[in-house]
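Below is structure10.cif, holding mmCIF, C-alpha atoms.
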data_model
#
loop_
_atom_site.group_PDB
_atom_site.id
_atom_site.type_symbol
_atom_site.label_atom_id
_atom_site.label_comp_id
_atom_site.auth_asym_id
_atom_site.auth_seq_id
_atom_site.Cartn_x
_atom_site.Cartn_y
_atom_site.Cartn_z
ATOM 1 C CA MET A 1 57.176 -24.211 -9.022
ATOM 2 C CA THR A 2 58.574 -21.468 -6.840
ATOM 3 C CA ARG A 3 56.434 -19.217 -4.638
ATOM 4 C CA GLU A 4 57.090 -16.270 -6.904
ATOM 5 C CA ALA A 5 55.969 -18.171 -9.986
ATOM 6 C CA ALA A 6 52.838 -19.406 -8.215
ATOM 7 C CA LEU A 7 52.048 -15.846 -7.113
ATOM 8 C CA LEU A 8 52.465 -14.580 -10.677
ATOM 9 C CA VAL A 9 50.098 -17.283 -11.970
ATOM 10 C CA ILE A 10 47.480 -16.376 -9.354
ATOM 11 C CA VAL A 11 47.793 -12.656 -10.073
ATOM 12 C CA GLY A 12 47.591 -13.334 -13.821
ATOM 13 C CA VAL A 13 44.431 -15.415 -13.440
ATOM 14 C CA ALA A 14 42.873 -12.739 -11.208
ATOM 15 C CA VAL A 15 43.635 -10.006 -13.756
ATOM 16 C CA VAL A 16 42.125 -12.086 -16.575
ATOM 17 C CA LEU A 17 38.969 -12.757 -14.513
ATOM 18 C CA LEU A 18 38.576 -9.080 -13.636
ATOM 19 C CA ALA A 19 39.023 -8.126 -17.295
ATOM 20 C CA LEU A 20 36.337 -10.654 -18.316
ATOM 21 C CA LEU A 21 33.943 -9.288 -15.677
ATOM 22 C CA ALA A 22 34.508 -5.706 -16.866
ATOM 23 C CA TRP A 23 34.034 -6.744 -20.498
ATOM 24 C CA ALA A 24 30.792 -8.623 -19.682
ATOM 25 C CA TRP A 25 29.347 -5.690 -17.695
ATOM 26 C CA ARG A 26 30.249 -3.245 -20.487
ATOM 27 C CA ARG A 27 28.437 -5.472 -23.023
ATOM 28 C CA ARG A 28 25.393 -5.675 -20.737
ATOM 29 C CA ALA A 29 25.398 -1.897 -20.186
ATOM 30 C CA ARG A 30 25.610 -1.320 -23.955
ATOM 31 C CA ARG A 31 22.754 -3.803 -24.521
ATOM 32 C CA ASP A 32 20.555 -2.003 -21.966
ATOM 33 C CA ALA A 33 21.603 1.574 -22.810
ATOM 34 C CA GLY A 34 18.186 2.384 -24.271
ATOM 35 C CA LEU A 35 16.305 1.363 -21.120
ATOM 36 C CA ARG A 36 15.371 4.229 -18.791
ATOM 37 C CA ALA A 37 13.861 4.045 -15.320
ATOM 38 C CA PRO A 38 10.993 6.463 -14.590
ATOM 39 C CA VAL A 39 12.961 9.002 -12.560
ATOM 40 C CA GLY A 40 10.824 11.646 -10.888
ATOM 41 C CA GLU A 41 8.939 12.755 -7.854
ATOM 42 C CA MET A 42 5.610 11.398 -6.743
ATOM 43 C CA PRO A 43 2.604 13.675 -7.290
ATOM 44 C CA GLU A 44 2.234 16.366 -4.627
ATOM 45 C CA ASP A 45 -1.313 15.269 -3.807
ATOM 46 C CA ALA A 46 -0.300 11.603 -3.285
ATOM 47 C CA THR A 47 -1.180 10.168 0.113
ATOM 48 C CA VAL A 48 1.641 8.187 1.701
ATOM 49 C CA HIS A 49 0.419 4.847 3.081
ATOM 50 C CA ALA A 50 3.712 3.379 4.302
ATOM 51 C CA VAL A 51 7.495 3.603 4.050
ATOM 52 C CA PHE A 52 9.598 0.439 4.170
ATOM 53 C CA PRO A 53 13.391 0.176 4.472
ATOM 54 C CA VAL A 54 14.548 -2.505 2.026
ATOM 55 C CA LEU A 55 17.556 -3.952 0.324
ATOM 56 C CA TYR A 56 17.095 -3.386 -3.399
ATOM 57 C CA VAL A 57 18.328 -6.613 -5.016
ATOM 58 C CA ALA A 58 17.966 -6.237 -8.785
ATOM 59 C CA THR A 59 15.791 -5.470 -11.763
ATOM 60 C CA THR A 60 15.572 -8.295 -14.270
ATOM 61 C CA GLN A 61 13.800 -9.201 -17.456
ATOM 62 C CA HIS A 62 10.219 -10.238 -16.671
ATOM 63 C CA ASP A 63 9.990 -13.816 -15.398
ATOM 64 C CA GLN A 64 13.768 -14.235 -15.773
ATOM 65 C CA PRO A 65 15.075 -13.683 -12.227
ATOM 66 C CA LEU A 66 18.680 -14.472 -13.181
ATOM 67 C CA GLU A 67 18.962 -11.970 -16.076
ATOM 68 C CA ARG A 68 19.972 -8.630 -14.512
ATOM 69 C CA LEU A 69 19.359 -5.446 -16.481
ATOM 70 C CA ALA A 70 21.905 -2.612 -16.394
ATOM 71 C CA ILE A 71 19.387 0.230 -16.159
ATOM 72 C CA THR A 72 20.846 3.504 -14.918
ATOM 73 C CA GLY A 73 19.961 3.835 -11.233
ATOM 74 C CA LEU A 74 18.861 0.199 -10.960
ATOM 75 C CA GLY A 75 21.997 -1.680 -11.986
ATOM 76 C CA PHE A 76 23.440 -2.461 -8.552
ATOM 77 C CA ARG A 77 22.247 -3.666 -5.158
ATOM 78 C CA SER A 78 21.611 -0.913 -2.664
ATOM 79 C CA ARG A 79 19.842 -0.006 0.532
ATOM 80 C CA ALA A 80 16.616 1.798 -0.269
ATOM 81 C CA ASP A 81 13.348 3.113 1.055
ATOM 82 C CA VAL A 82 10.086 2.141 -0.618
ATOM 83 C CA THR A 83 7.293 4.663 -0.229
ATOM 84 C CA VAL A 84 3.833 3.295 -1.004
ATOM 85 C CA THR A 85 1.322 5.972 -1.978
ATOM 86 C CA ASP A 86 -2.143 5.939 -3.486
ATOM 87 C CA ALA A 87 -0.537 7.140 -6.756
ATOM 88 C CA GLY A 88 2.187 4.492 -6.927
ATOM 89 C CA VAL A 89 5.474 3.348 -5.439
ATOM 90 C CA ALA A 90 8.632 5.431 -5.008
ATOM 91 C CA LEU A 91 12.059 3.770 -4.794
ATOM 92 C CA ASP A 92 14.745 5.846 -3.088
ATOM 93 C CA LEU A 93 18.012 3.988 -3.633
ATOM 94 C CA THR A 94 21.077 5.294 -1.837
ATOM 95 C CA GLY A 95 22.898 7.802 -4.045
ATOM 96 C CA GLN A 96 20.358 7.658 -6.890
ATOM 97 C CA ALA A 97 17.513 9.853 -8.087
ATOM 98 C CA ARG A 98 14.039 8.836 -6.920
ATOM 99 C CA ILE A 99 12.281 6.341 -9.179
ATOM 100 C CA PHE A 100 8.508 6.604 -9.160
ATOM 101 C CA LEU A 101 6.298 3.799 -10.462
ATOM 102 C CA PRO A 102 2.735 5.042 -10.979
ATOM 103 C CA THR A 103 0.056 2.435 -10.312
ATOM 104 C CA ASP A 104 -0.741 2.162 -14.029
ATOM 105 C CA ARG A 105 2.848 0.971 -14.686
ATOM 106 C CA ILE A 106 2.694 -1.783 -12.054
ATOM 107 C CA GLN A 107 1.545 -5.022 -13.620
ATOM 108 C CA ASP A 108 1.811 -7.406 -10.681
ATOM 109 C CA VAL A 109 3.150 -7.764 -7.155
ATOM 110 C CA GLY A 110 4.185 -11.054 -5.631
ATOM 111 C CA GLN A 111 6.805 -12.828 -3.602
ATOM 112 C CA ALA A 112 9.888 -14.717 -4.728
ATOM 113 C CA THR A 113 12.741 -16.734 -3.304
ATOM 114 C CA VAL A 114 15.530 -16.219 -5.870
ATOM 115 C CA ALA A 115 16.859 -13.231 -7.817
ATOM 116 C CA ILE A 116 20.355 -13.002 -9.342
ATOM 117 C CA ASP A 117 22.767 -13.598 -6.460
ATOM 118 C CA ARG A 118 20.209 -13.531 -3.661
ATOM 119 C CA VAL A 119 18.538 -16.666 -2.329
ATOM 120 C CA VAL A 120 16.379 -16.234 0.754
ATOM 121 C CA GLU A 121 13.776 -18.192 2.680
ATOM 122 C CA ARG A 122 10.671 -19.130 0.732
ATOM 123 C CA ASP A 123 8.866 -15.968 -0.438
ATOM 124 C CA GLY A 124 11.359 -13.677 1.324
ATOM 125 C CA LEU A 125 11.627 -11.229 -1.584
ATOM 126 C CA VAL A 126 9.011 -8.900 -3.027
ATOM 127 C CA ARG A 127 8.781 -8.927 -6.824
ATOM 128 C CA ILE A 128 7.190 -5.915 -8.484
ATOM 129 C CA ALA A 129 6.511 -6.461 -12.193
ATOM 130 C CA TRP A 130 6.213 -3.116 -13.948
ATOM 131 C CA HIS A 131 6.214 -1.546 -17.406
ATOM 132 C CA LEU A 132 9.542 0.089 -18.192
ATOM 133 C CA ASP A 133 8.058 1.341 -21.457
ATOM 134 C CA ASP A 134 5.148 0.338 -23.680
ATOM 135 C CA ALA A 135 6.773 -2.937 -24.745
ATOM 136 C CA THR A 136 9.084 -3.898 -21.879
ATOM 137 C CA VAL A 137 7.999 -5.464 -18.593
ATOM 138 C CA VAL A 138 10.648 -5.896 -15.900
ATOM 139 C CA ASP A 139 10.735 -7.327 -12.393
ATOM 140 C CA SER A 140 12.306 -5.459 -9.470
ATOM 141 C CA TYR A 141 13.210 -7.477 -6.381
ATOM 142 C CA LEU A 142 13.208 -6.020 -2.869
ATOM 143 C CA ARG A 143 14.198 -7.554 0.463
ATOM 144 C CA PRO A 144 12.292 -5.845 3.321
ATOM 145 C CA GLN A 145 14.401 -5.147 6.402
ATOM 146 C CA ASP A 146 11.874 -4.533 9.200
ATOM 147 C CA VAL A 147 8.711 -6.294 8.031
ATOM 148 C CA SER A 148 7.793 -9.451 6.174
ATOM 149 C CA ALA A 149 7.831 -9.591 2.399
ATOM 150 C CA ARG A 150 4.108 -10.348 2.577
ATOM 151 C CA ALA A 151 3.455 -7.047 4.412
ATOM 152 C CA LEU A 152 5.248 -5.021 1.708
ATOM 153 C CA ALA A 153 3.577 -6.949 -1.116
ATOM 154 C CA ASP A 154 0.164 -6.444 0.487
ATOM 155 C CA ALA A 155 0.801 -2.703 0.943
ATOM 156 C CA VAL A 156 1.643 -2.299 -2.755
ATOM 157 C CA THR A 157 -1.230 -4.531 -3.876
ATOM 158 C CA ALA A 158 -3.661 -2.440 -1.794
ATOM 159 C CA VAL A 159 -2.977 0.708 -3.850
ATOM 160 C CA LEU A 160 -3.338 -0.956 -7.248
ATOM 161 C CA PRO A 161 -6.570 -0.639 -9.213
ATOM 162 C CA SER A 162 -8.830 -3.643 -8.640
ATOM 163 C CA ASN A 163 -7.950 -5.218 -12.009
ATOM 164 C CA GLN A 164 -4.276 -5.524 -10.980
ATOM 165 C CA THR A 165 -4.016 -8.263 -8.383
ATOM 166 C CA GLY A 166 -0.887 -9.492 -6.647
ATOM 167 C CA THR A 167 -0.111 -13.154 -7.082
ATOM 168 C CA PRO A 168 2.717 -15.150 -5.604
ATOM 169 C CA SER A 169 5.327 -16.386 -8.046
#

Could I get this file's structure written as structure tokens?
Amino acid sequence: MTREAALLVIVGVAVVLLALLAWAWRRRARRDAGLRAPVGEMPEDATVHAVFPVLYVATTQHDQPLERLAITGLGFRSRADVTVTDAGVALDLTGQARIFLPTDRIQDVGQATVAIDRVVERDGLVRIAWHLDDATVVDSYLRPQDVSARALADAVTAVLPSNQTGTPS
């Protein structure tokens, strides 16, 4: 096989792979089109307890860390700031509207090691399980940049009502 023919085969395979990836993402986005993140500001009277710079990893179906959801604003990895308040948790992802999770939407907080394409040291991710709507629970994974995952998980757990306890997963 000549160099030119080999190059054409490689380019052809690359184009087919890119087309398959685009097709798969479009199907996933269509599947998740009805899911909406709670975009909005935190209450004006909320007391800020801490702000953590993080790497937002993904939001997945609950207890399925390899099944990414294509929710607008939460579909892709991004740098973010997590603001923990007495009213809930605000996620400020780069280039996206603020997502605010009131404490009554947060079901559980724990630590994890694996989510989608991110594998870290044991318990290096924070997993926040929260209610997307009345019937759907999702998990959002965060990788703290300046503190331990335990510190972020503990900060979120501290603002939850006493019947919502954080447990490692």

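Run against this file, the PyMOL selection byres ((chain A and resi 88) around 10) gives back Met42, Pro43, Ala46, Thr47, Val48, Thr83, Val84, Thr85, Asp86, Ala87, Val89, Ala90, Phe100, Leu101, Pro102, Thr103, Asp104, Arg105, Ile106, Val156, Val159 and Leu160 of chain A.
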
query = Given the file above and the PyMOL selection byres ((chain A and resi 53-66) around 6), which residues are selected, and can you give them as a VMD selection string?
reply = chain A and resid 52 67 to 69 77 to 81 115 to 116 137 to 145

note = Correct to one decimal, the distance CA of Leu74 (chain A)-CA of Leu125 (chain A) is 16.5 Å

task = Using all atoms listed in the file, find the one residue out of A:Val119, A:Ala153, A:Val11, A:Ala70 that sits nearest to Ala24 (chain A).
result = A:Ala70

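Counting from CA of Gly124 (chain A), the distance to CA of Asp146 (chain A) is 12.1 Å.
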
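Remark: for Asp134 (chain A), the closest of the candidate residues A:Leu35, A:Val51, A:Val114, A:Leu17 is A:Leu35 (distances computed over all atoms listed in the file).
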
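Computed from the coordinates, the CA of His49 (chain A) to CA of Ala158 (chain A) distance equals 9.7 Å.
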
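Put simply, the PyMOL selection byres ((chain A and resi 39) around 9) on this file hits Arg36, Ala37, Pro38, Gly40, Glu41, Gly73, Ala97, Arg98, Ile99, Phe100 and Leu101 of chain A.
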
remark   = Residue with the minimum atom-to-atom distance to Thr113 (chain A), picked from A:Val13, A:Ala149, A:Phe76, A:Thr94 with all atoms listed in the file counted, is A:Ala149

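Proximity ranking of A:Ala6, A:Ala50, A:Ile128, A:Ile71 relative to Val147 (chain A) places A:Ala50 first, based on only C-alpha atoms.
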
Point (4.5, -13.1, -4.9) neighbourhood (10 Å, only C-alpha atoms) written as a PDB file with C-alpha atoms, keeping the file's coordinate frame:
ATOM      1  CA  ASP A 108       1.811  -7.406 -10.681  1.00  0.00           C
ATOM      2  CA  VAL A 109       3.150  -7.764  -7.155  1.00  0.00           C
ATOM      3  CA  GLY A 110       4.185 -11.054  -5.631  1.00  0.00           C
ATOM      4  CA  GLN A 111       6.805 -12.828  -3.602  1.00  0.00           C
ATOM      5  CA  ALA A 112       9.888 -14.717  -4.728  1.00  0.00           C
ATOM      6  CA  THR A 113      12.741 -16.734  -3.304  1.00  0.00           C
ATOM      7  CA  ASP A 123       8.866 -15.968  -0.438  1.00  0.00           C
ATOM      8  CA  GLY A 124      11.359 -13.677   1.324  1.00  0.00           C
ATOM      9  CA  LEU A 125      11.627 -11.229  -1.584  1.00  0.00           C
ATOM     10  CA  VAL A 126       9.011  -8.900  -3.027  1.00  0.00           C
ATOM     11  CA  ARG A 127       8.781  -8.927  -6.824  1.00  0.00           C
ATOM     12  CA  ILE A 128       7.190  -5.915  -8.484  1.00  0.00           C
ATOM     13  CA  ALA A 149       7.831  -9.591   2.399  1.00  0.00           C
ATOM     14  CA  ARG A 150       4.108 -10.348   2.577  1.00  0.00           C
ATOM     15  CA  ALA A 153       3.577  -6.949  -1.116  1.00  0.00           C
ATOM     16  CA  ASP A 154       0.164  -6.444   0.487  1.00  0.00           C
ATOM     17  CA  GLY A 166      -0.887  -9.492  -6.647  1.00  0.00           C
ATOM     18  CA  THR A 167      -0.111 -13.154  -7.082  1.00  0.00           C
ATOM     19  CA  PRO A 168       2.717 -15.150  -5.604  1.00  0.00           C
ATOM     20  CA  SER A 169       5.327 -16.386  -8.046  1.00  0.00           C
TER      21      SER A 169
END

As lines of an AutoDock Vina configuration file: centre and edge lengths in Å, one decimal, of the axis-aligned box holding region 65-80 of chain A with 3 Å per side:
center_x = 19.3
center_y = -5.3
center_z = -8.0
size_x = 14.4
size_y = 24.3
size_z = 23.0

Could you rebuild region 106-135 of chain A with N, CA and C atoms and give it back as a short mmCIF file (atom, residue, chain, number, x, y, z; two decimals), in the coordinates of the input?
data_model
loop_
_atom_site.label_atom_id
_atom_site.label_comp_id
_atom_site.auth_asym_id
_atom_site.auth_seq_id
_atom_site.Cartn_x
_atom_site.Cartn_y
_atom_site.Cartn_z
N ILE A 106 2.48 -0.55 -12.81
CA ILE A 106 2.69 -1.78 -12.05
C ILE A 106 1.74 -2.85 -12.58
N GLN A 107 2.33 -3.94 -13.04
CA GLN A 107 1.54 -5.02 -13.62
C GLN A 107 1.14 -6.05 -12.58
N ASP A 108 2.06 -6.34 -11.64
CA ASP A 108 1.81 -7.41 -10.68
C ASP A 108 2.74 -7.23 -9.49
N VAL A 109 2.32 -7.74 -8.36
CA VAL A 109 3.15 -7.76 -7.16
C VAL A 109 3.06 -9.16 -6.58
N GLY A 110 4.19 -9.73 -6.21
CA GLY A 110 4.18 -11.05 -5.63
C GLY A 110 5.42 -11.25 -4.77
N GLN A 111 5.64 -12.48 -4.41
CA GLN A 111 6.80 -12.83 -3.60
C GLN A 111 7.66 -13.82 -4.37
N ALA A 112 8.94 -13.83 -4.04
CA ALA A 112 9.89 -14.72 -4.73
C ALA A 112 10.93 -15.20 -3.73
N THR A 113 11.69 -16.17 -4.14
CA THR A 113 12.74 -16.73 -3.30
C THR A 113 14.13 -16.49 -3.87
N VAL A 114 14.23 -16.34 -5.20
CA VAL A 114 15.53 -16.22 -5.87
C VAL A 114 15.53 -15.04 -6.82
N ALA A 115 16.62 -14.28 -6.83
CA ALA A 115 16.86 -13.23 -7.82
C ALA A 115 18.36 -13.00 -7.89
N ILE A 116 18.93 -13.19 -9.06
CA ILE A 116 20.36 -13.00 -9.34
C ILE A 116 21.19 -13.74 -8.31
N ASP A 117 21.85 -12.99 -7.44
CA ASP A 117 22.77 -13.60 -6.46
C ASP A 117 22.17 -13.65 -5.06
N ARG A 118 20.87 -13.55 -4.97
CA ARG A 118 20.21 -13.53 -3.66
C ARG A 118 19.24 -14.70 -3.57
N VAL A 119 19.47 -15.58 -2.62
CA VAL A 119 18.54 -16.67 -2.33
C VAL A 119 18.16 -16.52 -0.87
N VAL A 120 16.86 -16.45 -0.61
CA VAL A 120 16.38 -16.23 0.75
C VAL A 120 15.37 -17.32 1.10
N GLU A 121 14.81 -17.23 2.30
CA GLU A 121 13.78 -18.19 2.68
C GLU A 121 12.61 -18.08 1.70
N ARG A 122 11.80 -19.09 1.67
CA ARG A 122 10.67 -19.13 0.73
C ARG A 122 9.86 -17.84 0.83
N ASP A 123 9.65 -17.20 -0.32
CA ASP A 123 8.87 -15.97 -0.44
C ASP A 123 9.42 -14.81 0.40
N GLY A 124 10.73 -14.74 0.53
CA GLY A 124 11.36 -13.68 1.32
C GLY A 124 11.65 -12.40 0.56
N LEU A 125 11.44 -12.42 -0.75
CA LEU A 125 11.63 -11.23 -1.58
C LEU A 125 10.28 -10.75 -2.11
N VAL A 126 10.19 -9.45 -2.37
CA VAL A 126 9.01 -8.90 -3.03
C VAL A 126 9.40 -8.66 -4.48
N ARG A 127 8.56 -9.12 -5.39
CA ARG A 127 8.78 -8.93 -6.82
C ARG A 127 7.70 -8.00 -7.35
N ILE A 128 8.13 -6.85 -7.87
CA ILE A 128 7.19 -5.92 -8.48
C ILE A 128 7.43 -5.97 -9.99
N ALA A 129 6.44 -6.43 -10.73
CA ALA A 129 6.51 -6.46 -12.19
C ALA A 129 5.91 -5.15 -12.68
N TRP A 130 6.68 -4.42 -13.50
CA TRP A 130 6.21 -3.12 -13.95
C TRP A 130 6.65 -2.84 -15.38
N HIS A 131 5.94 -1.92 -16.02
CA HIS A 131 6.21 -1.55 -17.41
C HIS A 131 7.30 -0.48 -17.44
N LEU A 132 8.45 -0.85 -18.01
CA LEU A 132 9.54 0.09 -18.19
C LEU A 132 9.20 1.06 -19.32
N ASP A 133 8.58 0.54 -20.35
CA ASP A 133 8.06 1.34 -21.46
C ASP A 133 6.85 0.58 -22.00
N ASP A 134 6.36 0.98 -23.15
CA ASP A 134 5.15 0.34 -23.68
C ASP A 134 5.34 -1.14 -23.97
N ALA A 135 6.55 -1.56 -24.32
CA ALA A 135 6.77 -2.94 -24.74
C ALA A 135 7.54 -3.79 -23.74
#
